[in-house]
There are 2 protein chains.
Amino acid sequence: MEIIKKIELMQELSDKWRRDGHIISCVPTMGFLHQGHVELLRVGRDKGDRLIMTIFVNPTQFGPHEDYERYPRDTEGDLDKARSAGVDAVFMPTVEEMYPDGFQSAVTVNTITQYLCGKSRPGHFAGVTIVVAKLFNITKPHLAIFGEKDYQQLAVIRQMVRDLNMDIDIIGVPTVREQDGLAMSSRNKYLSPEERLSALSLKKGLDLAKAMIKDGEKDSATIKTAVRELILAHPFTEIDYVTICDPEKLTDIEHLDGPSLLALAVKVGKARLIDNIIL
Amino acid sequence: MEIIKKIELMQELSDKWRRDGHIISCVPTMGFLHQGHVELLRVGRDKGDRLIMTIFVNPTQFGPHEDYERYPRDTEGDLDKARSAGVDAVFMPTVEEMYPDGFQSAVTVNTITQYLCGKSRPGHFAGVTIVVAKLFNITKPHLAIFGEKDYQQLAVIRQMVRDLNMDIDIIGVPTVREQDGLAMSSRNKYLSPEERLSALSLKKGLDLAKAMIKDGEKDSATIKTAVRELILAHPFTEIDYVTICDPEKLTDIEHLDGPSLLALAVKVGKARLIDNIIL
């Protein structure tokens, strides 16, 4: 497995692989890998014959009061997991390599970033789109793999790729969960044992909504109220949003007729957790 | 010569050329080719072994009161010139192909676009960067050729390519001029015979500045005043800017010590003309 820190060297390797006719998969990560990432790598390995993983805790997608500094890091553990997953190259640049002095460009998706996490995390998705655009130009993949847990991120990246005509297949992979249902996330590390129990309320909320719909409920507001109440019945929880919306446009839905997305963002202790389900 | 209107077909052809080991040059144009474009094509032909020219009058880089509707077009003439210049493929999409319903992304360069033409044409460079980013992802060139007449555009594209890690060599080509010195531009077509004479004042202004500096003048303000007076002594002229600035950062320079850029934008009748020189 190659470990590459310089942009130019990564581009040279990808160029060579492309010239040799290989299909390159890329899995962008912020490191601190869990089973969810391993599943992304498995899909990447499966769909391509050269697998690149990137590790970069991207400062531009964190707000000034968010957890950039304390975001968990474990490079050695990540490299071990990457090796086991059959990664061919890990690209792990420094912040200076990615954002040198004089850097002044932006890539933005301007409509679907206004909802859900875009509301409570201004600038977050602009940070995601600039870094993913850069990582795509550096790793030159044929396909890139993202988790569906970060549903809006996946939607934003798909929109960017479509609008900018990036010739890359974006693959979404279903959320991997702990045995008790908690969606895997590097931020679960922030949870104390008591908070960990309350964090289960997200998945319970999704299940409750599913059950209500099965029983014939079609009113968004009724479902959202029930989910909010369930979550707030758990200690340490603070709701950022409970939203039912169009799965593509991310605009609110009042009456459930076609497919819709239930998306949650809940602060549990210091951890801001998200989860979602297509209803 | 292939004429391609669909994004996917252009990407497929470029992919094939790349797999076959060819070096692809791209010359993006808005059509209505003149000798300046032909020179760009010559350089592209010279530096690569597959030459793509794009023709697209990009609506997003025109302001609401600018000349998008009446911008001169001559597709048949352009295709003839492209054939003579040895172009391998012309990419000429429709506006709908480039900006389909739901399009919502932006690529911007945020500092050096605040000066010169960026001041008087708000949104212009955002239109340039989004369309050039798209055209690069569609034509997948190894190198792209732009004229130095549009100095700021060239600087903005270089900055975008650097910041987004696009693996493309950007080549600037010196301005091609009419025998009497007027910089070639599709917009020269707007000039009446009398205005055409006044349009020479731009090149005369550049020459005057050069002569003053040769004579030892180092004060920006003195030179700019002399150039303004020369231009305004010609009828039909209205100055947008006469600026002496840093050739990279485009920030104003007061005292000429190192290299500097003299850039002019002057309305002559209905035509907004630009010209520049490195002092």
# chains A, B, ... in the order shown; residues from 1 in each chain; ligands from 1

$ residues_around --residues "segment 93-100 of chain B" --least-positions-apart "3" --cutoff "12 Å" --atoms "only C-alpha atoms" --output "VMD selection string"
(chain A and resid 159 162 to 165) or (chain B and resid 3 to 10 30 53 to 60 90 103 to 106 127 130 to 135 137 to 139)

$ select_by_dssp --residues "segment 205-260 of chain A" --states "helix (DSSP H, G or I)" --output "list in words"
Gly205, Leu206, Asp207, Leu208, Ala209, Lys210, Ala211, Met212, Ile213, Lys214, Ser220, Ala221, Thr222, Ile223, Lys224, Thr225, Ala226, Val227, Arg228, Glu229, Leu230, Ile231 and Leu232 of chain A

$ residues_around --residues "Lys218 of chain A" --least-positions-apart "2" --cutoff "12 Å" --atoms "only C-alpha atoms" --output "ChimeraX atom specification"
/A:209-216,220-224,244,253-260,279

$ write_last_selection --atoms "N, CA and C atoms" --output "tab-separated table (two decimals), in the first residue's frame"
chain	number	residue	atom	x	y	z
A	209	ALA	N	-41.33	6.41	13.19
A	209	ALA	CA	-41.93	7.01	12.00
A	209	ALA	C	-42.35	5.93	11.01
A	210	LYS	N	-41.47	4.95	10.82
A	210	LYS	CA	-41.77	3.86	9.89
A	210	LYS	C	-43.05	3.13	10.34
A	211	ALA	N	-43.14	2.87	11.64
A	211	ALA	CA	-44.31	2.16	12.17
A	211	ALA	C	-45.58	2.99	11.99
A	212	MET	N	-45.50	4.30	12.25
A	212	MET	CA	-46.68	5.16	12.09
A	212	MET	C	-47.16	5.16	10.64
A	213	ILE	N	-46.22	5.21	9.70
A	213	ILE	CA	-46.59	5.23	8.28
A	213	ILE	C	-47.23	3.90	7.90
A	214	LYS	N	-46.66	2.83	8.44
A	214	LYS	CA	-47.24	1.50	8.18
A	214	LYS	C	-48.68	1.45	8.67
A	215	ASP	N	-48.95	2.16	9.77
A	215	ASP	CA	-50.31	2.22	10.32
A	215	ASP	C	-51.20	3.22	9.59
A	216	GLY	N	-50.67	3.85	8.53
A	216	GLY	CA	-51.52	4.70	7.72
A	216	GLY	C	-51.35	6.20	7.93
A	220	SER	N	-47.14	14.74	7.88
A	220	SER	CA	-45.75	15.00	8.29
A	220	SER	C	-45.66	15.53	9.71
A	221	ALA	N	-46.47	16.55	10.02
A	221	ALA	CA	-46.38	17.23	11.31
A	221	ALA	C	-46.63	16.26	12.46
A	222	THR	N	-47.63	15.39	12.29
A	222	THR	CA	-47.94	14.41	13.34
A	222	THR	C	-46.76	13.48	13.60
A	223	ILE	N	-46.17	13.01	12.51
A	223	ILE	CA	-45.03	12.10	12.65
A	223	ILE	C	-43.85	12.82	13.30
A	224	LYS	N	-43.57	14.04	12.83
A	224	LYS	CA	-42.42	14.78	13.36
A	224	LYS	C	-42.58	15.05	14.85
A	244	ILE	N	-39.05	16.10	7.51
A	244	ILE	CA	-39.50	15.18	6.46
A	244	ILE	C	-39.52	15.97	5.15
A	253	ILE	N	-41.89	18.36	3.10
A	253	ILE	CA	-43.09	17.69	2.61
A	253	ILE	C	-44.12	17.71	3.73
A	254	GLU	N	-45.35	18.11	3.41
A	254	GLU	CA	-46.39	18.16	4.44
A	254	GLU	C	-47.21	16.89	4.50
A	255	HIS	N	-47.46	16.34	3.30
A	255	HIS	CA	-48.32	15.17	3.22
A	255	HIS	C	-47.55	14.06	2.52
A	256	LEU	N	-47.48	12.89	3.13
A	256	LEU	CA	-46.65	11.81	2.55
A	256	LEU	C	-47.40	11.04	1.48
A	257	ASP	N	-47.03	11.28	0.23
A	257	ASP	CA	-47.61	10.52	-0.87
A	257	ASP	C	-46.54	9.66	-1.53
A	258	GLY	N	-45.52	10.32	-2.07
A	258	GLY	CA	-44.44	9.58	-2.71
A	258	GLY	C	-43.33	9.30	-1.72
A	259	PRO	N	-42.14	9.00	-2.23
A	259	PRO	CA	-40.99	8.76	-1.36
A	259	PRO	C	-40.61	10.04	-0.64
A	260	SER	N	-40.21	9.88	0.61
A	260	SER	CA	-39.75	11.06	1.34
A	260	SER	C	-38.63	10.67	2.29
A	279	LEU	N	-38.59	7.04	3.69
A	279	LEU	CA	-39.90	6.49	4.10
A	279	LEU	C	-40.68	6.03	2.87

$ residues_around --residues "Leu250 of chain B" --least-positions-apart "5" --cutoff "7 Å" --atoms "only C-alpha atoms" --output "PDB file with C-alpha atoms, in the first residue's frame"
ATOM      1  CA  ILE B 112      -8.216  38.708  -7.863  1.00  0.00           C
ATOM      2  CA  TYR B 115     -10.181  44.316  -9.404  1.00  0.00           C
ATOM      3  CA  CYS B 245      -1.140  46.904 -10.855  1.00  0.00           C
TER       4      CYS B 245
END

$ atom_distance --atom1 "atom CA of Leu208 of chain A" --atom2 "atom CA of Gln35 of chain A"
25.4 Å

$ closest_residue --among "B:Asp252, B:Glu195, B:Asp101, B:Glu76" --to "chain A" --atoms "only C-alpha atoms"
B:Asp101

$ residues_around --residues "segment 265-270 of chain B" --least-positions-apart "2" --cutoff "9 Å" --atoms "only C-alpha atoms" --output "list in words"
Leu116, Cys117, Tyr190, Leu191, Ser192, Glu195, Arg196, Ser198, Ala199, Leu202, Ile231, Pro235, Phe236, Thr237, Glu238, Ile239, Asp240, Tyr241, Val242, Thr243, Ala263, Arg272, Leu273, Ile274, Asp275 and Asn276 of chain B

$ write_last_selection --atoms "C-alpha atoms" --output "PDB file, in the first residue's frame"
ATOM      1  CA  LEU B 116     -10.163  45.611 -12.987  1.00  0.00           C
ATOM      2  CA  CYS B 117     -13.016  44.105 -15.034  1.00  0.00           C
ATOM      3  CA  TYR B 190     -19.320  46.714 -33.231  1.00  0.00           C
ATOM      4  CA  LEU B 191     -17.077  49.633 -34.253  1.00  0.00           C
ATOM      5  CA  SER B 192     -18.107  52.122 -36.954  1.00  0.00           C
ATOM      6  CA  GLU B 195     -15.006  54.559 -33.758  1.00  0.00           C
ATOM      7  CA  ARG B 196     -12.445  52.156 -35.216  1.00  0.00           C
ATOM      8  CA  SER B 198     -10.682  56.082 -31.798  1.00  0.00           C
ATOM      9  CA  ALA B 199     -10.194  52.467 -30.705  1.00  0.00           C
ATOM     10  CA  LEU B 202      -5.881  51.969 -26.364  1.00  0.00           C
ATOM     11  CA  ILE B 231      -7.543  58.238 -24.731  1.00  0.00           C
ATOM     12  CA  PRO B 235     -13.939  60.963 -29.769  1.00  0.00           C
ATOM     13  CA  PHE B 236     -16.505  58.275 -28.721  1.00  0.00           C
ATOM     14  CA  THR B 237     -14.276  57.065 -25.858  1.00  0.00           C
ATOM     15  CA  GLU B 238     -15.428  56.489 -22.304  1.00  0.00           C
ATOM     16  CA  ILE B 239     -12.901  55.112 -19.850  1.00  0.00           C
ATOM     17  CA  ASP B 240     -13.875  52.247 -17.574  1.00  0.00           C
ATOM     18  CA  TYR B 241     -10.434  51.959 -16.018  1.00  0.00           C
ATOM     19  CA  VAL B 242      -6.776  52.724 -16.564  1.00  0.00           C
ATOM     20  CA  THR B 243      -4.900  50.719 -13.943  1.00  0.00           C
ATOM     21  CA  ALA B 263      -4.534  47.385 -18.074  1.00  0.00           C
ATOM     22  CA  ARG B 272     -16.214  47.728 -24.559  1.00  0.00           C
ATOM     23  CA  LEU B 273     -12.572  47.115 -25.441  1.00  0.00           C
ATOM     24  CA  ILE B 274      -9.687  45.973 -23.245  1.00  0.00           C
ATOM     25  CA  ASP B 275      -5.950  45.901 -23.736  1.00  0.00           C
ATOM     26  CA  ASN B 276      -2.878  45.539 -21.549  1.00  0.00           C
TER      27      ASN B 276
END

$ closest_residue --among "B:Tyr151, B:Phe32, B:Tyr68, B:Trp17" --to "chain A" --atoms "only C-alpha atoms"
B:Trp17

$ closest_residue --among "B:Leu13, B:Ile145, B:Val109, B:Leu40" --to "chain A" --atoms "only C-alpha atoms"
B:Val109

$ residues_around --residues "segment 19-27 of chain A" --least-positions-apart "3" --cutoff "7 Å" --atoms "only C-alpha atoms" --output "list in words"
Asp15, Lys16, Leu40, Leu41, Gly44, Gly48, Asp49, Arg50, Leu51, Ile52, Met53, Thr54, Pro141, His142, Leu143, Ala144, Ile145 and Phe146 of chain A; Arg19 of chain B

$ select_by_dssp --residues "segment 33-276 of chain B" --states "strand (DSSP E or B)" --output "ChimeraX atom specification"
/B:50-55,89-91,105-109,143-147,169-173,177,183,219,237-245,252,255,261-268,271-276

$ write_last_selection --atoms "N, CA and C atoms" --output "compact mmCIF listing (two decimals), in the first residue's frame"
# COMPACT_ATOMS: atom_id res chain seq x y z
N ARG B 50 -3.73 16.19 -30.06
CA ARG B 50 -5.16 16.19 -30.34
C ARG B 50 -5.67 17.56 -29.92
N LEU B 51 -6.40 18.22 -30.81
CA LEU B 51 -6.79 19.61 -30.58
C LEU B 51 -8.31 19.74 -30.55
N ILE B 52 -8.81 20.19 -29.39
CA ILE B 52 -10.25 20.44 -29.25
C ILE B 52 -10.49 21.94 -29.19
N MET B 53 -11.45 22.42 -29.96
CA MET B 53 -11.89 23.81 -29.80
C MET B 53 -13.33 23.77 -29.31
N THR B 54 -13.65 24.60 -28.33
CA THR B 54 -15.05 24.69 -27.92
C THR B 54 -15.62 26.02 -28.40
N ILE B 55 -16.86 25.99 -28.80
CA ILE B 55 -17.60 27.20 -29.17
C ILE B 55 -18.82 27.26 -28.26
N ALA B 89 -11.56 18.14 -32.99
CA ALA B 89 -12.95 18.07 -32.56
C ALA B 89 -13.41 19.45 -32.09
N VAL B 90 -14.60 19.82 -32.55
CA VAL B 90 -15.24 21.05 -32.06
C VAL B 90 -16.35 20.63 -31.12
N PHE B 91 -16.32 21.16 -29.89
CA PHE B 91 -17.41 20.91 -28.95
C PHE B 91 -18.28 22.15 -28.91
N SER B 105 -24.86 25.10 -9.11
CA SER B 105 -23.51 25.14 -8.55
C SER B 105 -22.74 26.35 -9.04
N ALA B 106 -21.69 26.68 -8.31
CA ALA B 106 -20.83 27.81 -8.68
C ALA B 106 -19.38 27.44 -8.41
N VAL B 107 -18.50 27.98 -9.24
CA VAL B 107 -17.06 27.93 -8.99
C VAL B 107 -16.61 29.38 -9.03
N THR B 108 -15.95 29.81 -7.97
CA THR B 108 -15.54 31.21 -7.93
C THR B 108 -14.09 31.35 -7.46
N VAL B 109 -13.45 32.39 -7.97
CA VAL B 109 -12.14 32.82 -7.49
C VAL B 109 -12.41 34.17 -6.85
N LEU B 143 -3.62 20.39 -21.75
CA LEU B 143 -3.31 21.82 -21.72
C LEU B 143 -4.43 22.62 -22.34
N ALA B 144 -4.53 23.86 -21.88
CA ALA B 144 -5.57 24.73 -22.41
C ALA B 144 -4.93 26.08 -22.72
N ILE B 145 -5.40 26.69 -23.81
CA ILE B 145 -4.73 27.86 -24.36
C ILE B 145 -5.67 29.06 -24.27
N PHE B 146 -5.16 30.17 -23.73
CA PHE B 146 -5.96 31.39 -23.61
C PHE B 146 -5.13 32.58 -24.06
N GLY B 147 -5.81 33.63 -24.54
CA GLY B 147 -5.11 34.82 -25.01
C GLY B 147 -4.76 35.75 -23.85
N ASP B 169 -2.16 22.20 -17.84
CA ASP B 169 -1.24 23.32 -18.08
C ASP B 169 -1.99 24.45 -18.77
N ILE B 170 -1.94 25.62 -18.18
CA ILE B 170 -2.60 26.78 -18.80
C ILE B 170 -1.54 27.60 -19.54
N ILE B 171 -1.76 27.77 -20.84
CA ILE B 171 -0.78 28.46 -21.69
C ILE B 171 -1.37 29.81 -22.11
N GLY B 172 -0.63 30.88 -21.84
CA GLY B 172 -1.05 32.20 -22.30
C GLY B 172 -0.36 32.54 -23.62
N VAL B 173 -1.11 33.14 -24.53
CA VAL B 173 -0.56 33.47 -25.86
C VAL B 173 -0.64 34.99 -26.05
N ARG B 177 -2.54 41.50 -32.99
CA ARG B 177 -3.05 42.84 -33.30
C ARG B 177 -3.27 43.03 -34.78
N ALA B 183 -5.88 45.59 -30.83
CA ALA B 183 -5.93 44.19 -30.40
C ALA B 183 -7.12 43.50 -31.04
N ASP B 219 6.25 57.11 -11.52
CA ASP B 219 5.05 57.37 -10.74
C ASP B 219 3.80 56.90 -11.50
N THR B 237 -14.90 57.91 -26.88
CA THR B 237 -14.28 57.07 -25.86
C THR B 237 -14.82 57.39 -24.47
N GLU B 238 -14.99 56.35 -23.69
CA GLU B 238 -15.43 56.49 -22.30
C GLU B 238 -14.61 55.48 -21.50
N ILE B 239 -13.83 56.00 -20.55
CA ILE B 239 -12.90 55.11 -19.85
C ILE B 239 -13.60 54.35 -18.73
N ASP B 240 -13.43 53.04 -18.72
CA ASP B 240 -13.88 52.25 -17.57
C ASP B 240 -12.76 52.24 -16.53
N TYR B 241 -11.58 51.83 -16.92
CA TYR B 241 -10.43 51.96 -16.02
C TYR B 241 -9.12 52.05 -16.79
N VAL B 242 -8.18 52.72 -16.14
CA VAL B 242 -6.78 52.72 -16.56
C VAL B 242 -6.02 52.39 -15.28
N THR B 243 -5.46 51.19 -15.21
CA THR B 243 -4.90 50.72 -13.94
C THR B 243 -3.47 50.22 -14.12
N ILE B 244 -2.64 50.55 -13.15
CA ILE B 244 -1.30 49.94 -13.10
C ILE B 244 -1.25 49.09 -11.83
N CYS B 245 -1.00 47.81 -12.00
CA CYS B 245 -1.14 46.90 -10.86
C CYS B 245 -0.13 45.77 -10.90
N ASP B 252 -3.31 47.52 -6.94
CA ASP B 252 -2.72 48.75 -7.47
C ASP B 252 -1.25 48.92 -7.08
N HIS B 255 4.20 52.99 -7.21
CA HIS B 255 5.53 53.34 -7.67
C HIS B 255 6.10 52.15 -8.44
N LEU B 261 1.61 45.65 -14.43
CA LEU B 261 0.67 45.50 -15.55
C LEU B 261 -0.07 46.81 -15.74
N LEU B 262 -0.07 47.31 -16.97
CA LEU B 262 -0.97 48.42 -17.30
C LEU B 262 -2.15 47.81 -18.03
N ALA B 263 -3.33 47.98 -17.47
CA ALA B 263 -4.53 47.39 -18.07
C ALA B 263 -5.56 48.48 -18.32
N LEU B 264 -6.20 48.41 -19.50
CA LEU B 264 -7.17 49.43 -19.90
C LEU B 264 -8.50 48.77 -20.25
N ALA B 265 -9.58 49.44 -19.88
CA ALA B 265 -10.90 49.07 -20.42
C ALA B 265 -11.56 50.38 -20.83
N VAL B 266 -11.95 50.44 -22.09
CA VAL B 266 -12.50 51.68 -22.65
C VAL B 266 -13.71 51.34 -23.50
N LYS B 267 -14.79 52.05 -23.27
CA LYS B 267 -15.93 51.91 -24.16
C LYS B 267 -15.73 52.83 -25.36
N VAL B 268 -15.81 52.29 -26.55
CA VAL B 268 -15.73 53.10 -27.77
C VAL B 268 -17.03 52.83 -28.52
N ALA B 271 -18.84 49.34 -28.19
CA ALA B 271 -17.90 48.26 -27.91
C ALA B 271 -17.09 48.56 -26.66
N ARG B 272 -17.10 47.60 -25.73
CA ARG B 272 -16.21 47.73 -24.56
C ARG B 272 -14.93 46.97 -24.90
N LEU B 273 -13.83 47.72 -25.01
CA LEU B 273 -12.57 47.11 -25.44
C LEU B 273 -11.58 47.07 -24.28
N ILE B 274 -10.73 46.04 -24.26
CA ILE B 274 -9.69 45.97 -23.24
C ILE B 274 -8.35 45.73 -23.92
N ASP B 275 -7.30 46.14 -23.24
CA ASP B 275 -5.95 45.90 -23.74
C ASP B 275 -5.02 46.00 -22.53
N ASN B 276 -3.81 45.49 -22.67
CA ASN B 276 -2.88 45.54 -21.55
C ASN B 276 -1.46 45.33 -22.03

$ decode --residues "segment 34-48 of chain A" --atoms "C-alpha atoms" --output "PDB file, in the first residue's frame"
ATOM      1  CA  HIS A  34     -15.015   2.563  11.813  1.00  0.00           C
ATOM      2  CA  GLN A  35     -16.956  -0.323  10.312  1.00  0.00           C
ATOM      3  CA  GLY A  36     -18.940   2.126   8.157  1.00  0.00           C
ATOM      4  CA  HIS A  37     -15.758   3.246   6.400  1.00  0.00           C
ATOM      5  CA  VAL A  38     -14.654  -0.368   6.023  1.00  0.00           C
ATOM      6  CA  GLU A  39     -17.919  -1.044   4.221  1.00  0.00           C
ATOM      7  CA  LEU A  40     -17.238   1.915   1.868  1.00  0.00           C
ATOM      8  CA  LEU A  41     -13.806   0.426   1.147  1.00  0.00           C
ATOM      9  CA  ARG A  42     -15.343  -2.983   0.487  1.00  0.00           C
ATOM     10  CA  VAL A  43     -17.720  -1.459  -2.071  1.00  0.00           C
ATOM     11  CA  GLY A  44     -14.867   0.531  -3.635  1.00  0.00           C
ATOM     12  CA  ARG A  45     -12.712  -2.597  -3.857  1.00  0.00           C
ATOM     13  CA  ASP A  46     -15.621  -4.448  -5.409  1.00  0.00           C
ATOM     14  CA  LYS A  47     -16.449  -1.865  -8.088  1.00  0.00           C
ATOM     15  CA  GLY A  48     -12.926  -0.854  -9.155  1.00  0.00           C
TER      16      GLY A  48
END
